[in-house]
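*Asks:* Structure file my_file13.pdb (PDB, C-alpha atoms, pLDDT in the B column) right here:
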```
ATOM      1  CA  MET Y   1    -100.597  27.337   8.454  1.00 86.00           C
ATOM      2  CA  ILE Y   2     -97.264  26.284   9.903  1.00 86.00           C
ATOM      3  CA  THR Y   3     -97.307  24.968  13.447  1.00 89.00           C
ATOM      4  CA  ILE Y   4     -94.065  24.987  15.400  1.00 90.00           C
ATOM      5  CA  ASN Y   5     -93.514  22.503  18.182  1.00 94.00           C
ATOM      6  CA  VAL Y   6     -92.294  24.706  21.045  1.00 95.00           C
ATOM      7  CA  THR Y   7     -90.842  21.727  22.933  1.00 95.00           C
ATOM      8  CA  LYS Y   8     -88.652  20.784  19.957  1.00 96.00           C
ATOM      9  CA  ALA Y   9     -87.735  24.437  19.442  1.00 96.00           C
ATOM     10  CA  LYS Y  10     -86.564  24.572  23.067  1.00 96.00           C
ATOM     11  CA  THR Y  11     -84.415  21.473  22.520  1.00 96.00           C
ATOM     12  CA  ILE Y  12     -82.809  23.060  19.466  1.00 95.00           C
ATOM     13  CA  ALA Y  13     -82.282  26.319  21.369  1.00 96.00           C
ATOM     14  CA  HIS Y  14     -80.584  24.486  24.238  1.00 96.00           C
ATOM     15  CA  ASP Y  15     -78.266  22.710  21.786  1.00 96.00           C
ATOM     16  CA  LYS Y  16     -77.294  26.047  20.220  1.00 95.00           C
ATOM     17  CA  ARG Y  17     -76.865  27.572  23.700  1.00 96.00           C
ATOM     18  CA  ARG Y  18     -74.504  24.759  24.681  1.00 96.00           C
ATOM     19  CA  GLU Y  19     -72.469  25.224  21.487  1.00 95.00           C
ATOM     20  CA  ALA Y  20     -72.150  28.972  22.071  1.00 95.00           C
ATOM     21  CA  ARG Y  21     -71.146  28.418  25.705  1.00 95.00           C
ATOM     22  CA  ALA Y  22     -68.497  25.887  24.693  1.00 95.00           C
ATOM     23  CA  GLU Y  23     -67.011  28.405  22.241  1.00 94.00           C
ATOM     24  CA  GLU Y  24     -66.829  31.060  24.950  1.00 93.00           C
ATOM     25  CA  PHE Y  25     -65.202  28.590  27.346  1.00 93.00           C
ATOM     26  CA  LYS Y  26     -62.452  27.512  24.910  1.00 92.00           C
ATOM     27  CA  PRO Y  27     -59.818  30.183  25.594  1.00 89.00           C
ATOM     28  CA  HIS Y  28     -60.295  29.859  29.348  1.00 87.00           C
ATOM     29  CA  ASP Y  29     -60.241  26.061  29.210  1.00 84.00           C
ATOM     30  CA  GLU Y  30     -56.858  26.230  27.495  1.00 81.00           C
ATOM     31  CA  VAL Y  31     -55.405  28.296  30.345  1.00 81.00           C
ATOM     32  CA  ILE Y  32     -56.796  25.991  33.022  1.00 80.00           C
ATOM     33  CA  MET Y  33     -56.082  22.664  31.279  1.00 79.00           C
ATOM     34  CA  LYS Y  34     -52.565  23.451  30.127  1.00 78.00           C
ATOM     35  CA  GLN Y  35     -51.533  25.463  33.180  1.00 76.00           C
ATOM     36  CA  ILE Y  36     -49.933  27.971  30.823  1.00 65.00           C
ATOM     37  CA  PRO Y  37     -47.119  29.875  32.582  1.00 71.00           C
ATOM     38  CA  GLY Y  38     -47.829  33.558  32.950  1.00 69.00           C
ATOM     39  CA  ALA Y  39     -51.545  33.018  32.389  1.00 65.00           C
ATOM     40  CA  ASP Y  40     -53.813  33.867  35.276  1.00 81.00           C
ATOM     41  CA  ALA Y  41     -55.834  30.735  36.089  1.00 80.00           C
ATOM     42  CA  THR Y  42     -57.812  32.644  38.718  1.00 84.00           C
ATOM     43  CA  ALA Y  43     -58.928  35.204  36.136  1.00 86.00           C
ATOM     44  CA  ALA Y  44     -59.756  32.405  33.702  1.00 86.00           C
ATOM     45  CA  GLU Y  45     -61.913  30.686  36.311  1.00 88.00           C
ATOM     46  CA  ALA Y  46     -63.644  33.983  37.143  1.00 91.00           C
ATOM     47  CA  ALA Y  47     -64.401  34.469  33.440  1.00 93.00           C
ATOM     48  CA  ARG Y  48     -65.756  30.923  33.244  1.00 93.00           C
ATOM     49  CA  ALA Y  49     -68.025  31.636  36.241  1.00 95.00           C
ATOM     50  CA  ALA Y  50     -69.388  34.734  34.493  1.00 96.00           C
ATOM     51  CA  ILE Y  51     -70.026  32.693  31.338  1.00 96.00           C
ATOM     52  CA  ARG Y  52     -71.815  30.016  33.389  1.00 96.00           C
ATOM     53  CA  THR Y  53     -74.065  32.660  34.955  1.00 96.00           C
ATOM     54  CA  LYS Y  54     -74.847  34.205  31.574  1.00 95.00           C
ATOM     55  CA  TYR Y  55     -75.855  30.876  30.075  1.00 96.00           C
ATOM     56  CA  ALA Y  56     -77.770  29.733  33.178  1.00 96.00           C
ATOM     57  CA  THR Y  57     -79.914  32.848  32.830  1.00 95.00           C
ATOM     58  CA  MET Y  58     -80.393  32.050  29.162  1.00 96.00           C
ATOM     59  CA  GLN Y  59     -81.351  28.459  30.020  1.00 96.00           C
ATOM     60  CA  THR Y  60     -83.999  29.663  32.469  1.00 97.00           C
ATOM     61  CA  ALA Y  61     -85.421  32.037  29.845  1.00 97.00           C
ATOM     62  CA  ILE Y  62     -85.599  29.256  27.259  1.00 96.00           C
ATOM     63  CA  ASN Y  63     -87.216  26.858  29.733  1.00 96.00           C
ATOM     64  CA  SER Y  64     -89.900  29.384  30.692  1.00 97.00           C
ATOM     65  CA  ALA Y  65     -90.612  30.465  27.096  1.00 96.00           C
ATOM     66  CA  THR Y  66     -94.065  29.681  25.761  1.00 95.00           C
ATOM     67  CA  THR Y  67     -93.589  31.033  22.232  1.00 94.00           C
ATOM     68  CA  VAL Y  68     -90.965  30.768  19.532  1.00 94.00           C
ATOM     69  CA  ASP Y  69     -90.376  34.532  19.725  1.00 94.00           C
ATOM     70  CA  GLN Y  70     -89.543  34.232  23.425  1.00 95.00           C
ATOM     71  CA  ILE Y  71     -87.103  31.431  22.641  1.00 95.00           C
ATOM     72  CA  LYS Y  72     -85.457  33.503  19.897  1.00 94.00           C
ATOM     73  CA  SER Y  73     -85.086  36.517  22.187  1.00 94.00           C
ATOM     74  CA  ALA Y  74     -83.381  34.344  24.829  1.00 93.00           C
ATOM     75  CA  MET Y  75     -80.820  32.963  22.380  1.00 90.00           C
ATOM     76  CA  PRO Y  76     -77.237  34.204  22.140  1.00 77.00           C
ATOM     77  CA  GLN Y  77     -76.758  36.819  19.463  1.00 74.00           C
ATOM     78  CA  GLY Y  78     -74.276  36.199  16.697  1.00 59.00           C
TER      79      GLY Y  78
END
```
Would you kindly transcribe this structure into structure tokens?

*Replies:*
Amino acid sequence: MITINVTKAKTIAHDKRREARAEEFKPHDEVIMKQIPGADATAAEAARAAIRTKYATMQTAINSATTVDQIKSAMPQG
């Protein structure tokens, strides 16, 4: 029988969550960092706030998971 260490699975899930969040942030980071003319920095920051909220919810779900299936269901799809 295979035993999965839920604590290690959570660590892996958090790493993958961080990677996915960083990918979603990239286009908005470009607008904010480079101060691109004609680009709406306010809209970019609002999008970043929505992404933060999404991944904070995911983080809470991963932290409270007690099974691997719960961790998998909390992970970003794709």

*Asks:* Please, which residues in stretch 8-50 of chain Y fall within 7 Å of stretch 71-77 of chain Y when counting all atoms listed in the file, and what is the closest atom pair and distance in Å to one decimal for each, ordered by chain then residue number, as a Markdown table?

*Replies:*
```
| residue | atom | partner | partner_atom | distance |
| --- | --- | --- | --- | --- |
| Y:Lys10 | CA | Y:Ile71 | CA | 6.9 |
| Y:Ala13 | CA | Y:Met75 | CA | 6.9 |
| Y:Arg17 | CA | Y:Met75 | CA | 6.8 |
```

*Asks:* Write the residues of the preceding selection, restricted to C-alpha atoms, as a PDB file, keeping the file's coordinate frame.

*Replies:*
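The resulting result.pdb:
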```pdb
ATOM      1  CA  LYS Y  10     -86.564  24.572  23.067  1.00 96.00           C
ATOM      2  CA  ALA Y  13     -82.282  26.319  21.369  1.00 96.00           C
ATOM      3  CA  ARG Y  17     -76.865  27.572  23.700  1.00 96.00           C
TER       4      ARG Y  17
END
```

*Asks:* So, with all atoms listed in the file as the atoms that count, which of Y:Gln35, Y:Gln70, Y:Ala22, Y:Thr3 lies closest to Y:Met58?

*Replies:*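 Among Y:Gln35, Y:Gln70, Y:Ala22, Y:Thr3, it is Y:Gln70 that comes nearest to Y:Met58.
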
*Asks:* Might you pull out every residue within 12 Å of Y:Lys54, with all atoms listed in the file counted and same-chain residues fewer than 3 positions away left off, and present them as a list of chain:residue names?

*Replies:*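 The neighbour list is Y:Arg17, Y:Arg18, Y:Ala20, Y:Arg21, Y:Glu24, Y:Phe25, Y:Ala47, Y:Arg48, Y:Ala49, Y:Ala50, Y:Ile51, Y:Thr57, Y:Met58, Y:Gln59, Y:Thr60, Y:Ala61, Y:Ala74, Y:Met75, Y:Pro76.
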
*Asks:* Any chance you can output those residues with C-alpha atoms as an mmCIF file, keeping the file's coordinate frame?

*Replies:*
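Writing the result to selection.cif gives the following:
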```cif
data_model
loop_
_atom_site.group_PDB
_atom_site.id
_atom_site.type_symbol
_atom_site.label_atom_id
_atom_site.label_comp_id
_atom_site.auth_asym_id
_atom_site.auth_seq_id
_atom_site.Cartn_x
_atom_site.Cartn_y
_atom_site.Cartn_z
ATOM 1 C CA ARG Y 17 -76.865 27.572 23.700
ATOM 2 C CA ARG Y 18 -74.504 24.759 24.681
ATOM 3 C CA ALA Y 20 -72.150 28.972 22.071
ATOM 4 C CA ARG Y 21 -71.146 28.418 25.705
ATOM 5 C CA GLU Y 24 -66.829 31.060 24.950
ATOM 6 C CA PHE Y 25 -65.202 28.590 27.346
ATOM 7 C CA ALA Y 47 -64.401 34.469 33.440
ATOM 8 C CA ARG Y 48 -65.756 30.923 33.244
ATOM 9 C CA ALA Y 49 -68.025 31.636 36.241
ATOM 10 C CA ALA Y 50 -69.388 34.734 34.493
ATOM 11 C CA ILE Y 51 -70.026 32.693 31.338
ATOM 12 C CA THR Y 57 -79.914 32.848 32.830
ATOM 13 C CA MET Y 58 -80.393 32.050 29.162
ATOM 14 C CA GLN Y 59 -81.351 28.459 30.020
ATOM 15 C CA THR Y 60 -83.999 29.663 32.469
ATOM 16 C CA ALA Y 61 -85.421 32.037 29.845
ATOM 17 C CA ALA Y 74 -83.381 34.344 24.829
ATOM 18 C CA MET Y 75 -80.820 32.963 22.380
ATOM 19 C CA PRO Y 76 -77.237 34.204 22.140
#
```

*Asks:* What is the atom CA of Y:Ile12 to atom CA of Y:Thr67 distance in Å?

*Replies:*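 Distance reported for this atom pair: 13.7 Å.
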
*Asks:* Just need the box for stretch 54-73 of chain Y, edges along x, y and z, holding every atom the file lists for it with 4 Å tacked onto each side, so centre and edge lengths in Å to one decimal, as JSON.

*Replies:*
```
{"center_x": -84.5, "center_y": 31.7, "center_z": 26.4, "size_x": 27.2, "size_y": 17.7, "size_z": 21.6}
```

*Asks:* Expand the PyMOL selection byres ((chain Y and resi 31) around 12) into the individual residues it matches in the shown file, reporting them as a ChimeraX atom specification.

*Replies:* /Y:25-30,32-45,47-48
